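> Got a file for you: input-v7.cif, mmCIF, C-alpha atoms and all ligand atoms.
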```
data_work
#
loop_
_atom_site.group_PDB
_atom_site.id
_atom_site.type_symbol
_atom_site.label_atom_id
_atom_site.label_comp_id
_atom_site.auth_asym_id
_atom_site.auth_seq_id
_atom_site.Cartn_x
_atom_site.Cartn_y
_atom_site.Cartn_z
ATOM 1 C CA PRO D 1 -146.710 36.579 24.525
ATOM 2 C CA PRO D 2 -144.068 35.456 27.050
ATOM 3 C CA PRO D 3 -142.577 31.998 26.349
ATOM 4 C CA PRO D 4 -144.094 29.067 28.291
ATOM 5 C CA SER D 5 -141.933 27.468 30.979
ATOM 6 C CA ASP D 6 -142.021 24.053 29.289
ATOM 7 C CA LEU D 7 -140.913 24.911 25.751
ATOM 8 C CA PRO D 8 -140.600 21.313 24.449
ATOM 9 C CA ALA D 9 -144.177 20.514 25.578
ATOM 10 C CA ALA D 10 -145.524 23.742 24.053
ATOM 11 C CA ILE D 11 -143.686 23.064 20.775
ATOM 12 C CA GLY D 12 -145.069 19.512 20.748
ATOM 13 C CA ALA D 13 -148.649 20.777 21.210
ATOM 14 C CA LEU D 14 -148.293 23.402 18.448
ATOM 15 C CA ARG D 15 -146.688 20.868 16.136
ATOM 16 C CA ARG D 16 -149.802 18.666 16.419
ATOM 17 C CA GLU D 17 -152.208 21.595 16.171
ATOM 18 C CA ARG D 18 -150.543 22.969 13.005
ATOM 19 C CA ASN D 19 -149.793 19.549 11.474
ATOM 20 C CA ALA D 20 -146.167 20.693 11.283
ATOM 21 C CA VAL D 21 -142.945 18.777 10.729
ATOM 22 C CA ILE D 22 -139.717 20.014 12.332
ATOM 23 C CA LEU D 23 -136.631 19.456 10.176
ATOM 24 C CA ALA D 24 -133.220 20.202 11.680
ATOM 25 C CA HIS D 25 -129.663 20.306 10.405
ATOM 26 C CA TYR D 26 -126.865 18.738 12.465
ATOM 27 C CA TYR D 27 -125.433 22.184 13.217
ATOM 28 C CA GLN D 28 -128.436 23.168 15.326
ATOM 29 C CA ASP D 29 -128.306 23.428 19.124
ATOM 30 C CA ASP D 30 -128.648 20.090 20.938
ATOM 31 C CA ALA D 31 -132.095 21.017 22.297
ATOM 32 C CA ILE D 32 -133.413 21.652 18.764
ATOM 33 C CA GLN D 33 -131.934 18.391 17.457
ATOM 34 C CA ASP D 34 -133.631 16.568 20.340
ATOM 35 C CA ILE D 35 -137.085 17.892 19.471
ATOM 36 C CA ALA D 36 -136.841 17.585 15.663
ATOM 37 C CA ASP D 37 -138.841 15.021 13.691
ATOM 38 C CA PHE D 38 -135.921 14.541 11.366
ATOM 39 C CA ILE D 39 -132.227 15.510 11.439
ATOM 40 C CA GLY D 40 -130.071 15.291 8.355
ATOM 41 C CA ASP D 41 -127.550 16.747 5.947
ATOM 42 C CA SER D 42 -128.598 19.199 3.239
ATOM 43 C CA LEU D 43 -129.580 16.532 0.702
ATOM 44 C CA GLU D 44 -131.561 14.447 3.190
ATOM 45 C CA LEU D 45 -133.365 17.534 4.450
ATOM 46 C CA ALA D 46 -134.249 18.608 0.891
ATOM 47 C CA ARG D 47 -135.567 15.113 0.189
ATOM 48 C CA LYS D 48 -137.579 15.100 3.401
ATOM 49 C CA ALA D 49 -139.001 18.526 2.582
ATOM 50 C CA ALA D 50 -139.991 17.299 -0.894
ATOM 51 C CA ALA D 51 -141.763 14.227 0.473
ATOM 52 C CA THR D 52 -143.529 15.547 3.587
ATOM 53 C CA GLU D 53 -147.299 15.468 3.946
ATOM 54 C CA ALA D 54 -147.314 18.002 6.774
ATOM 55 C CA ASP D 55 -149.014 21.377 6.164
ATOM 56 C CA VAL D 56 -146.206 23.347 7.783
ATOM 57 C CA ILE D 57 -142.442 22.811 7.575
ATOM 58 C CA VAL D 58 -140.393 24.358 10.371
ATOM 59 C CA PHE D 59 -136.869 24.466 9.047
ATOM 60 C CA CYS D 60 -134.293 24.600 11.814
ATOM 61 C CA GLY D 61 -131.323 25.420 9.660
ATOM 62 C CA VAL D 62 -130.337 28.432 7.585
ATOM 63 C CA HIS D 63 -132.202 30.531 5.020
ATOM 64 C CA PHE D 64 -131.077 28.739 1.859
ATOM 65 C CA MET D 65 -132.317 25.433 3.335
ATOM 66 C CA ALA D 66 -135.756 26.790 4.208
ATOM 67 C CA GLU D 67 -135.897 28.526 0.818
ATOM 68 C CA THR D 68 -135.137 25.208 -0.913
ATOM 69 C CA ALA D 69 -137.986 23.609 1.065
ATOM 70 C CA LYS D 70 -140.324 26.403 -0.118
ATOM 71 C CA ILE D 71 -139.165 26.028 -3.735
ATOM 72 C CA LEU D 72 -140.123 22.352 -3.499
ATOM 73 C CA ASN D 73 -143.377 23.030 -1.603
ATOM 74 C CA PRO D 74 -145.000 26.272 -2.772
ATOM 75 C CA GLY D 75 -148.345 25.315 -1.229
ATOM 76 C CA LYS D 76 -146.970 24.762 2.275
ATOM 77 C CA THR D 77 -146.011 27.250 4.949
ATOM 78 C CA VAL D 78 -142.241 27.088 5.502
ATOM 79 C CA LEU D 79 -141.088 28.685 8.749
ATOM 80 C CA LEU D 80 -137.522 29.635 9.699
ATOM 81 C CA PRO D 81 -137.198 30.404 13.451
ATOM 82 C CA ASP D 82 -134.809 33.315 12.756
ATOM 83 C CA LEU D 83 -134.921 34.968 9.338
ATOM 84 C CA GLU D 84 -131.410 36.358 9.910
ATOM 85 C CA ALA D 85 -129.966 32.824 9.802
ATOM 86 C CA GLY D 86 -128.011 33.282 6.567
ATOM 87 C CA CYS D 87 -124.791 31.709 5.319
ATOM 88 C CA SER D 88 -121.424 33.251 4.482
ATOM 89 C CA LEU D 89 -121.259 31.175 1.301
ATOM 90 C CA ALA D 90 -124.644 32.344 0.049
ATOM 91 C CA ASP D 91 -123.798 35.947 1.007
ATOM 92 C CA ALA D 92 -120.503 35.816 -0.915
ATOM 93 C CA CYS D 93 -122.272 35.040 -4.170
ATOM 94 C CA PRO D 94 -124.689 37.860 -5.050
ATOM 95 C CA ALA D 95 -126.927 37.137 -8.039
ATOM 96 C CA ASP D 96 -125.745 40.087 -10.154
ATOM 97 C CA ARG D 97 -122.042 39.225 -9.797
ATOM 98 C CA PHE D 98 -122.867 35.597 -10.449
ATOM 99 C CA ALA D 99 -124.644 36.596 -13.669
ATOM 100 C CA ALA D 100 -121.491 38.457 -14.787
ATOM 101 C CA PHE D 101 -119.318 35.415 -13.922
ATOM 102 C CA ARG D 102 -121.596 33.178 -15.987
ATOM 103 C CA ALA D 103 -121.515 35.633 -18.886
ATOM 104 C CA GLU D 104 -117.705 35.358 -18.905
ATOM 105 C CA HIS D 105 -118.026 31.575 -19.287
ATOM 106 C CA PRO D 106 -120.908 31.046 -21.738
ATOM 107 C CA GLU D 107 -119.899 27.503 -22.741
ATOM 108 C CA HIS D 108 -119.883 26.175 -19.203
ATOM 109 C CA ILE D 109 -122.348 23.932 -17.416
ATOM 110 C CA VAL D 110 -123.210 25.794 -14.191
ATOM 111 C CA VAL D 111 -123.190 23.647 -11.051
ATOM 112 C CA SER D 112 -124.097 25.400 -7.798
ATOM 113 C CA TYR D 113 -123.749 24.119 -4.273
ATOM 114 C CA ILE D 114 -127.115 24.204 -2.509
ATOM 115 C CA ASN D 115 -125.612 26.842 -0.143
ATOM 116 C CA CYS D 116 -126.701 29.745 -2.353
ATOM 117 C CA SER D 117 -129.741 31.976 -2.830
ATOM 118 C CA ALA D 118 -132.768 31.118 -4.984
ATOM 119 C CA ALA D 119 -131.598 33.849 -7.397
ATOM 120 C CA VAL D 120 -128.300 31.992 -7.910
ATOM 121 C CA LYS D 121 -130.037 28.616 -8.143
ATOM 122 C CA ALA D 122 -132.257 30.124 -10.835
ATOM 123 C CA GLN D 123 -129.114 30.802 -12.914
ATOM 124 C CA SER D 124 -127.741 27.273 -12.470
ATOM 125 C CA ASP D 125 -128.060 24.131 -14.567
ATOM 126 C CA LEU D 126 -127.651 21.784 -11.623
ATOM 127 C CA ILE D 127 -127.630 22.018 -7.813
ATOM 128 C CA CYS D 128 -125.499 19.729 -5.667
ATOM 129 C CA THR D 129 -124.789 19.165 -1.985
ATOM 130 C CA SER D 130 -121.579 17.963 -0.388
ATOM 131 C CA SER D 131 -122.892 14.390 -0.346
ATOM 132 C CA ASN D 132 -123.666 14.111 -4.062
ATOM 133 C CA ALA D 133 -121.359 16.696 -5.701
ATOM 134 C CA VAL D 134 -118.656 14.247 -6.844
ATOM 135 C CA ASP D 135 -121.164 11.769 -8.207
ATOM 136 C CA LEU D 136 -123.183 14.434 -10.046
ATOM 137 C CA VAL D 137 -120.126 16.103 -11.603
ATOM 138 C CA ARG D 138 -118.941 12.693 -12.839
ATOM 139 C CA GLN D 139 -122.271 12.297 -14.659
ATOM 140 C CA LEU D 140 -121.885 15.527 -16.653
ATOM 141 C CA PRO D 141 -120.934 15.374 -20.356
ATOM 142 C CA GLU D 142 -117.147 15.290 -20.731
ATOM 143 C CA ASN D 143 -117.062 17.650 -23.693
ATOM 144 C CA ARG D 144 -118.426 20.602 -21.680
ATOM 145 C CA PRO D 145 -116.452 22.789 -19.219
ATOM 146 C CA ILE D 146 -117.961 23.287 -15.745
ATOM 147 C CA LEU D 147 -118.413 26.329 -13.509
ATOM 148 C CA PHE D 148 -118.705 25.560 -9.809
ATOM 149 C CA ALA D 149 -120.028 28.028 -7.212
ATOM 150 C CA PRO D 150 -119.910 29.291 -4.533
ATOM 151 C CA ASP D 151 -117.556 27.114 -2.394
ATOM 152 C CA GLN D 152 -114.022 26.904 -3.723
ATOM 153 C CA ASN D 153 -112.867 24.389 -1.096
ATOM 154 C CA LEU D 154 -115.656 21.946 -1.888
ATOM 155 C CA GLY D 155 -115.076 22.661 -5.600
ATOM 156 C CA ARG D 156 -111.371 21.822 -5.367
ATOM 157 C CA TRP D 157 -112.171 18.569 -3.566
ATOM 158 C CA VAL D 158 -114.812 17.665 -6.170
ATOM 159 C CA GLN D 159 -112.266 18.432 -8.886
ATOM 160 C CA ASN D 160 -109.699 16.093 -7.292
ATOM 161 C CA GLN D 161 -112.242 13.327 -6.721
ATOM 162 C CA SER D 162 -113.985 13.499 -10.096
ATOM 163 C CA GLY D 163 -110.958 14.220 -12.256
ATOM 164 C CA ARG D 164 -112.967 17.000 -13.962
ATOM 165 C CA ASP D 165 -111.548 20.467 -14.354
ATOM 166 C CA LEU D 166 -113.805 23.024 -12.605
ATOM 167 C CA THR D 167 -113.747 26.807 -12.851
ATOM 168 C CA LEU D 168 -114.317 27.915 -9.260
ATOM 169 C CA TRP D 169 -116.168 30.882 -7.786
ATOM 170 C CA PRO D 170 -113.938 32.254 -4.990
ATOM 171 C CA GLY D 171 -116.295 31.738 -2.022
ATOM 172 C CA SER D 172 -115.774 29.880 1.234
ATOM 173 C CA CYS D 173 -117.553 29.036 4.481
ATOM 174 C CA GLN D 174 -116.406 31.269 7.314
ATOM 175 C CA VAL D 175 -116.803 28.415 9.807
ATOM 176 C CA HIS D 176 -114.791 25.799 7.938
ATOM 177 C CA GLU D 177 -112.067 28.373 7.266
ATOM 178 C CA THR D 178 -111.443 29.011 10.973
ATOM 179 C CA PHE D 179 -110.031 25.637 11.986
ATOM 180 C CA SER D 180 -106.462 25.891 13.189
ATOM 181 C CA GLU D 181 -103.967 23.527 11.541
ATOM 182 C CA GLN D 182 -101.722 23.856 14.575
ATOM 183 C CA ALA D 183 -104.535 22.806 16.920
ATOM 184 C CA LEU D 184 -105.349 19.883 14.638
ATOM 185 C CA LEU D 185 -101.724 18.710 14.630
ATOM 186 C CA GLN D 186 -101.615 19.032 18.420
ATOM 187 C CA LEU D 187 -104.815 16.931 18.755
ATOM 188 C CA LYS D 188 -103.338 14.298 16.419
ATOM 189 C CA LEU D 189 -100.244 14.138 18.635
ATOM 190 C CA GLU D 190 -102.339 13.777 21.795
ATOM 191 C CA HIS D 191 -104.659 11.164 20.238
ATOM 192 C CA PRO D 192 -102.543 9.152 17.812
ATOM 193 C CA ASP D 193 -105.274 6.487 17.356
ATOM 194 C CA ALA D 194 -107.943 9.018 16.471
ATOM 195 C CA GLU D 195 -109.368 9.170 12.961
ATOM 196 C CA VAL D 196 -109.682 12.662 11.455
ATOM 197 C CA LEU D 197 -113.111 13.287 9.919
ATOM 198 C CA ALA D 198 -113.427 16.417 7.759
ATOM 199 C CA HIS D 199 -116.139 18.229 5.843
ATOM 200 C CA PRO D 200 -115.110 19.120 2.256
ATOM 201 C CA GLU D 201 -115.781 22.809 2.965
ATOM 202 C CA CYS D 202 -112.439 22.781 4.883
ATOM 203 C CA GLN D 203 -109.353 24.240 3.267
ATOM 204 C CA GLN D 204 -107.065 21.946 1.273
ATOM 205 C CA HIS D 205 -104.222 21.944 3.832
ATOM 206 C CA LEU D 206 -106.662 20.557 6.429
ATOM 207 C CA LEU D 207 -108.240 18.053 4.049
ATOM 208 C CA ASP D 208 -104.698 16.785 3.386
ATOM 209 C CA LEU D 209 -104.545 15.797 7.080
ATOM 210 C CA ALA D 210 -107.935 14.045 7.103
ATOM 211 C CA ASP D 211 -108.559 10.275 7.064
ATOM 212 C CA PHE D 212 -112.129 10.586 5.836
ATOM 213 C CA ILE D 213 -113.911 13.421 4.007
ATOM 214 C CA GLY D 214 -117.657 13.738 3.525
ATOM 215 C CA SER D 215 -120.935 15.527 4.194
ATOM 216 C CA THR D 216 -122.202 15.723 7.771
ATOM 217 C CA SER D 217 -124.275 12.530 7.358
ATOM 218 C CA ARG D 218 -121.342 10.685 5.836
ATOM 219 C CA LEU D 219 -119.097 11.763 8.729
ATOM 220 C CA LEU D 220 -121.698 10.468 11.170
ATOM 221 C CA ALA D 221 -121.988 7.160 9.307
ATOM 222 C CA ARG D 222 -118.206 6.846 9.176
ATOM 223 C CA ALA D 223 -117.920 7.370 12.948
ATOM 224 C CA ALA D 224 -120.481 4.583 13.461
ATOM 225 C CA GLU D 225 -118.732 2.066 11.220
ATOM 226 C CA SER D 226 -115.070 2.856 11.936
ATOM 227 C CA GLU D 227 -112.988 0.723 14.304
ATOM 228 C CA ALA D 228 -111.110 3.784 15.584
ATOM 229 C CA PRO D 229 -111.469 4.474 19.326
ATOM 230 C CA ALA D 230 -111.563 8.247 18.891
ATOM 231 C CA PHE D 231 -112.271 10.934 16.307
ATOM 232 C CA ILE D 232 -111.093 14.444 15.610
ATOM 233 C CA VAL D 233 -113.923 16.257 13.837
ATOM 234 C CA LEU D 234 -113.299 19.074 11.368
ATOM 235 C CA THR D 235 -116.760 20.477 10.946
ATOM 236 C CA GLU D 236 -119.271 22.499 12.949
ATOM 237 C CA PRO D 237 -119.400 20.911 16.430
ATOM 238 C CA GLY D 238 -123.219 20.573 16.479
ATOM 239 C CA ILE D 239 -122.728 17.199 14.787
ATOM 240 C CA LEU D 240 -120.917 15.872 17.869
ATOM 241 C CA HIS D 241 -124.285 15.623 19.652
ATOM 242 C CA GLN D 242 -125.470 12.956 17.193
ATOM 243 C CA MET D 243 -122.043 11.302 17.017
ATOM 244 C CA ARG D 244 -121.905 10.870 20.794
ATOM 245 C CA GLN D 245 -125.440 9.465 20.869
ATOM 246 C CA ARG D 246 -124.959 7.097 17.973
ATOM 247 C CA VAL D 247 -121.464 5.945 18.927
ATOM 248 C CA PRO D 248 -121.397 5.859 22.732
ATOM 249 C CA GLY D 249 -118.143 5.014 24.451
ATOM 250 C CA LYS D 250 -115.884 6.644 21.851
ATOM 251 C CA ALA D 251 -114.183 10.005 22.184
ATOM 252 C CA PHE D 252 -114.986 12.913 19.855
ATOM 253 C CA HIS D 253 -112.748 15.971 19.767
ATOM 254 C CA GLU D 254 -113.695 19.225 18.090
ATOM 255 C CA VAL D 255 -110.987 21.402 16.562
ATOM 256 C CA PRO D 256 -110.847 25.003 17.810
ATOM 257 C CA GLY D 257 -110.464 28.087 15.648
ATOM 258 C CA ALA D 258 -107.152 29.826 15.030
ATOM 259 C CA ASP D 259 -107.029 31.739 18.351
ATOM 260 C CA GLY D 260 -108.323 28.828 20.381
ATOM 261 C CA CYS D 261 -111.716 30.506 20.051
ATOM 262 C CA SER D 262 -114.964 28.590 19.782
ATOM 263 C CA CYS D 263 -115.718 30.375 16.488
ATOM 264 C CA ASN D 264 -116.051 26.929 14.919
ATOM 265 C CA ALA D 265 -119.782 27.151 15.745
ATOM 266 C CA CYS D 266 -121.796 28.561 12.827
ATOM 267 C CA PRO D 267 -123.116 31.947 13.977
ATOM 268 C CA TYR D 268 -126.026 31.715 11.529
ATOM 269 C CA MET D 269 -127.158 28.210 12.429
ATOM 270 C CA ARG D 270 -126.959 29.073 16.110
ATOM 271 C CA LEU D 271 -129.355 32.025 15.772
ATOM 272 C CA ASN D 272 -132.197 29.515 15.990
ATOM 273 C CA THR D 273 -133.228 28.707 19.562
ATOM 274 C CA LEU D 274 -135.921 26.598 21.176
ATOM 275 C CA GLU D 275 -137.774 29.789 22.120
ATOM 276 C CA LYS D 276 -137.708 31.096 18.533
ATOM 277 C CA LEU D 277 -138.844 27.674 17.328
ATOM 278 C CA TRP D 278 -141.836 27.858 19.685
ATOM 279 C CA ARG D 279 -142.574 31.459 18.684
ATOM 280 C CA CYS D 280 -142.508 30.804 14.934
ATOM 281 C CA LEU D 281 -144.994 27.958 15.367
ATOM 282 C CA ALA D 282 -147.198 30.105 17.615
ATOM 283 C CA GLU D 283 -147.163 33.102 15.230
ATOM 284 C CA MET D 284 -146.751 31.162 11.948
ATOM 285 C CA ALA D 285 -143.966 33.617 11.125
ATOM 286 C CA PRO D 286 -141.366 34.319 9.878
ATOM 287 C CA ALA D 287 -142.356 32.407 6.757
ATOM 288 C CA ILE D 288 -140.393 32.106 3.514
ATOM 289 C CA GLU D 289 -142.034 33.792 0.524
ATOM 290 C CA LEU D 290 -140.853 33.590 -3.071
ATOM 291 C CA GLU D 291 -141.990 35.051 -6.380
ATOM 292 C CA GLU D 292 -143.462 32.276 -8.487
ATOM 293 C CA GLU D 293 -141.364 33.089 -11.545
ATOM 294 C CA LEU D 294 -138.128 32.896 -9.511
ATOM 295 C CA ARG D 295 -139.316 29.752 -7.714
ATOM 296 C CA LEU D 296 -139.918 27.938 -10.994
ATOM 297 C CA ARG D 297 -136.485 28.870 -12.350
ATOM 298 C CA ALA D 298 -134.806 27.738 -9.113
ATOM 299 C CA LEU D 299 -136.853 24.529 -9.010
ATOM 300 C CA ALA D 300 -135.545 23.090 -12.297
ATOM 301 C CA PRO D 301 -131.891 22.563 -11.200
ATOM 302 C CA ILE D 302 -133.016 21.252 -7.788
ATOM 303 C CA GLU D 303 -135.307 18.686 -9.426
ATOM 304 C CA LYS D 304 -132.461 17.728 -11.710
ATOM 305 C CA MET D 305 -130.268 17.128 -8.653
ATOM 306 C CA LEU D 306 -132.926 14.973 -6.977
ATOM 307 C CA ALA D 307 -133.376 12.940 -10.165
ATOM 308 C CA MET D 308 -129.622 12.441 -10.661
ATOM 309 C CA SER D 309 -128.790 11.614 -7.008
ATOM 310 C CA ARG D 310 -128.398 7.979 -6.182
HETATM 311 P P1 LIG S 401 -124.068 19.114 4.721
HETATM 312 O O1 LIG S 401 -124.867 18.840 5.959
HETATM 313 O O2 LIG S 401 -124.893 18.850 3.502
HETATM 314 O O3 LIG S 401 -122.794 18.347 4.730
HETATM 315 O O4 LIG S 401 -123.744 20.667 4.693
HETATM 316 C C1 LIG S 401 -122.941 21.309 5.592
HETATM 317 C C2 LIG S 401 -123.191 22.762 5.705
HETATM 318 O O5 LIG S 401 -122.329 23.554 5.831
HETATM 319 C C3 LIG S 401 -124.541 23.217 5.696
HETATM 320 O O6 LIG S 401 -124.545 24.547 5.799
HETATM 321 FE FE1 LIG S 402 -122.991 28.498 5.735
HETATM 322 FE FE2 LIG S 402 -120.743 27.581 6.742
HETATM 323 FE FE3 LIG S 402 -122.777 28.096 8.375
HETATM 324 FE FE4 LIG S 402 -122.891 26.001 6.688
HETATM 325 S S1 LIG S 402 -121.488 26.267 8.391
HETATM 326 S S2 LIG S 402 -124.498 27.534 7.056
HETATM 327 S S3 LIG S 402 -121.758 26.805 4.922
HETATM 328 S S4 LIG S 402 -121.643 29.611 7.132
#
```
Here is a file; write its structure as structure tokens.

Amino acid sequence: PPPPSDLPAAIGALRRERNAVILAHYYQDDAIQDIADFIGDSLELARKAAATEADVIVFCGVHFMAETAKILNPGKTVLLPDLEAGCSLADACPADRFAAFRAEHPEHIVVSYINCSAAVKAQSDLICTSSNAVDLVRQLPENRPILFAPDQNLGRWVQNQSGRDLTLWPGSCQVHETFSEQALLQLKLEHPDAEVLAHPECQQHLLDLADFIGSTSRLLARAAESEAPAFIVLTEPGILHQMRQRVPGKAFHEVPGADGCSCNACPYMRLNTLEKLWRCLAEMAPAIELEEELRLRALAPIEKMLAMSR
């Protein structure tokens, strides 16, 4: 059917009819953030998905996030507005190559960033997100070596923060690798009072120029509590929508990509639109499906993460 003229009203009506909850990541379009029941970082969204009493979870984020929600809620319908919303990190870590990497390091504890497929989670001892990675790695037994996949930039930061030596899978986020150091230096010159907030998926040379490093929620919290009059934000610019709402009156500057391009927006996250959100609720598709045996193997390291996270 053709989309209704008032999409927010139609989404609201379907949400009630289906007893659905709409979860959204900060990298979603402003209009999706505005209609969501809950907006959060990866850990908060996983926790929300685990605790919800709704019958249907509409996950406005990327595939690995919706898949995690399904792993935690096999009895619920989990919808993803666009099934093509993947992630360069998850794509760069295929399960068969990951199995070979693990086989080369049989003594290691395997810690995987939540940005990976269920098949990689199923081969991991522990899942982490950018907000709990340092804390979780610090809790691991000191006499065991650690493998960390698939984000090498986050892994290097966790290594520096935790003091633990990590063997890193060579993956990276295509969005956080595009930020131009030259553009960042230029913005710092133009706004000398601005605080630089960076996501740990950024490359080391950019993290070296940051004043504060953390997950999307931590960056938002930092902007709210900091005395600085302005911020330069090294992560996907979707988060600026919440920053500007929560901290009115302060300036937020996004950092462009290397050619001045706006490729700092995540092409996967941005596949979701208000119209696709309406359509998935109307059609109850596309829904995430998982084999039970794989789901159970992927569930164990996620539950371990939730139990170990403070
Ligand atoms: P967080 O929101 O957990 O910081 O994750 C960022 C990200 O890249 C999600 O894809
Ligand atoms: Fe994946 Fe990077 Fe997009 Fe996050 S921003 S979903 S890590 S490609």
> Rounded to one decimal in Å, what is the spacing between CA of His253 (chain D) and CA of Leu240 (chain D)?
8.4 Å
> Can you tell me which residues come within 10 Å of ligand LIG 401 (chain S) when counting all atoms listed in the file, ideally as a PyMOL selection string?
chain D and resi 25-27+39-46+61-65+86-90+113-116+128-132+173-176+199-202+214-219+235-236+239+266+268-269
> Around all the atoms of ligand LIG 402 (chain S) listed in the file, with 3 Å of room on each side, what axis-aligned box do you get, giving centre and edge lengths in Å to one decimal, as JSON?

```
{"center_x": -122.6, "center_y": 27.8, "center_z": 6.7, "size_x": 9.8, "size_y": 9.6, "size_z": 9.5}
```
> Residues near region 221-227 of chain D, anyone? I mean within 10 Å using all atoms listed in the file, not counting same-chain ones fewer than 6 positions away, as a list of chain:residue names.
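The filter keeps D:Ala194, D:Glu195, D:Val196, D:Leu197, D:Phe212, D:Ile213, D:Gly214, D:Ser215, D:Val233, D:Met243, D:Arg244, D:Arg246, D:Val247, D:Pro248, D:Lys250, D:Phe252.
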> Ranking D:Asp165, D:Glu107, D:Asp193, D:Gly257 by minimum distance to Glu177 (chain D) and counting all atoms listed in the file, which one comes first?
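Smallest separation from Glu177 (chain D) among the options: D:Gly257.
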> Would you write out, as JSON, numbers by chain, every residue that the PyMOL selection byres (((chain D and resi 273) around 9) and not hetatm) captures in this file?
{"D": [28, 29, 31, 32, 60, 81, 82, 270, 271, 272, 274, 275, 276, 277, 278]}
> Given the choices D:Ser172, D:Gln33, D:Asn143, D:Thr52, which gets closest to ligand LIG 402 (chain S) if the distance is worked out from only C-alpha atoms and all ligand atoms?
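Selected residue with least distance to ligand LIG 402 (chain S): D:Ser172.
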> Can you turn the PyMOL selection byres (((chain D and resi 77) around 7) and not hetatm) into a concrete residue list for this file, as an NGL selection string?
:D and (55-57 or 75-76 or 78-79 or 287)
> Mind dumping the selected residues with C-alpha atoms as a compact mmCIF listing (two decimals), keeping the file's coordinate frame?

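This went into result.txt:
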```txt
# COMPACT_ATOMS: atom_id res chain seq x y z
CA ASP D 55 -149.01 21.38 6.16
CA VAL D 56 -146.21 23.35 7.78
CA ILE D 57 -142.44 22.81 7.58
CA GLY D 75 -148.34 25.32 -1.23
CA LYS D 76 -146.97 24.76 2.28
CA VAL D 78 -142.24 27.09 5.50
CA LEU D 79 -141.09 28.68 8.75
CA ALA D 287 -142.36 32.41 6.76
```
> Find the residue from D:Thr178, D:Ser309, D:Ser162, D:Thr167 that sits nearest to ligand LIG 402 (chain S); use all atoms listed in the file when measuring.
D:Thr178
> Ranking D:Ala230, D:Leu185, D:Ala251, D:Leu140 by minimum distance to Met305 (chain D) and counting only C-alpha atoms, which one comes first?
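For Met305 (chain D), the nearest of the candidates is D:Leu140.
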> Neighbouring residues of Pro150 (chain D) were defined as those with any atom within 7 Å, considering only C-alpha atoms; residues of the same chain fewer than 2 positions away were excluded. Please report them as a ChimeraX atom specification.
/D:89,93,112-113,148,152,169-171
> Could you work out how far CA of Glu67 (chain D) lies from CA of Ala9 (chain D), giving the answer in Å with one decimal?
27.3 Å
> Nearest to Ala210 (chain D): which of D:Val120, D:Leu189, D:Leu234, D:Ile302 is it, counting only C-alpha atoms?
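Comparing D:Val120, D:Leu189, D:Leu234, D:Ile302 against Ala210 (chain D), the winner is D:Leu234.
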> Between CA of Leu281 (chain D) and CA of Ile11 (chain D), what is the spacing in Å?
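Going from CA of Ile11 (chain D) over to CA of Leu281 (chain D) covers 7.4 Å.
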> Of the candidates D:Pro301, D:Gly163, D:Gly249, D:Gly238, which shows the shortest atom-to-atom distance to ligand LIG 402 (chain S), using only C-alpha atoms and all ligand atoms?
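Of D:Pro301, D:Gly163, D:Gly249, D:Gly238, the one nearest ligand LIG 402 (chain S) is D:Gly238, counting only C-alpha atoms and all ligand atoms.
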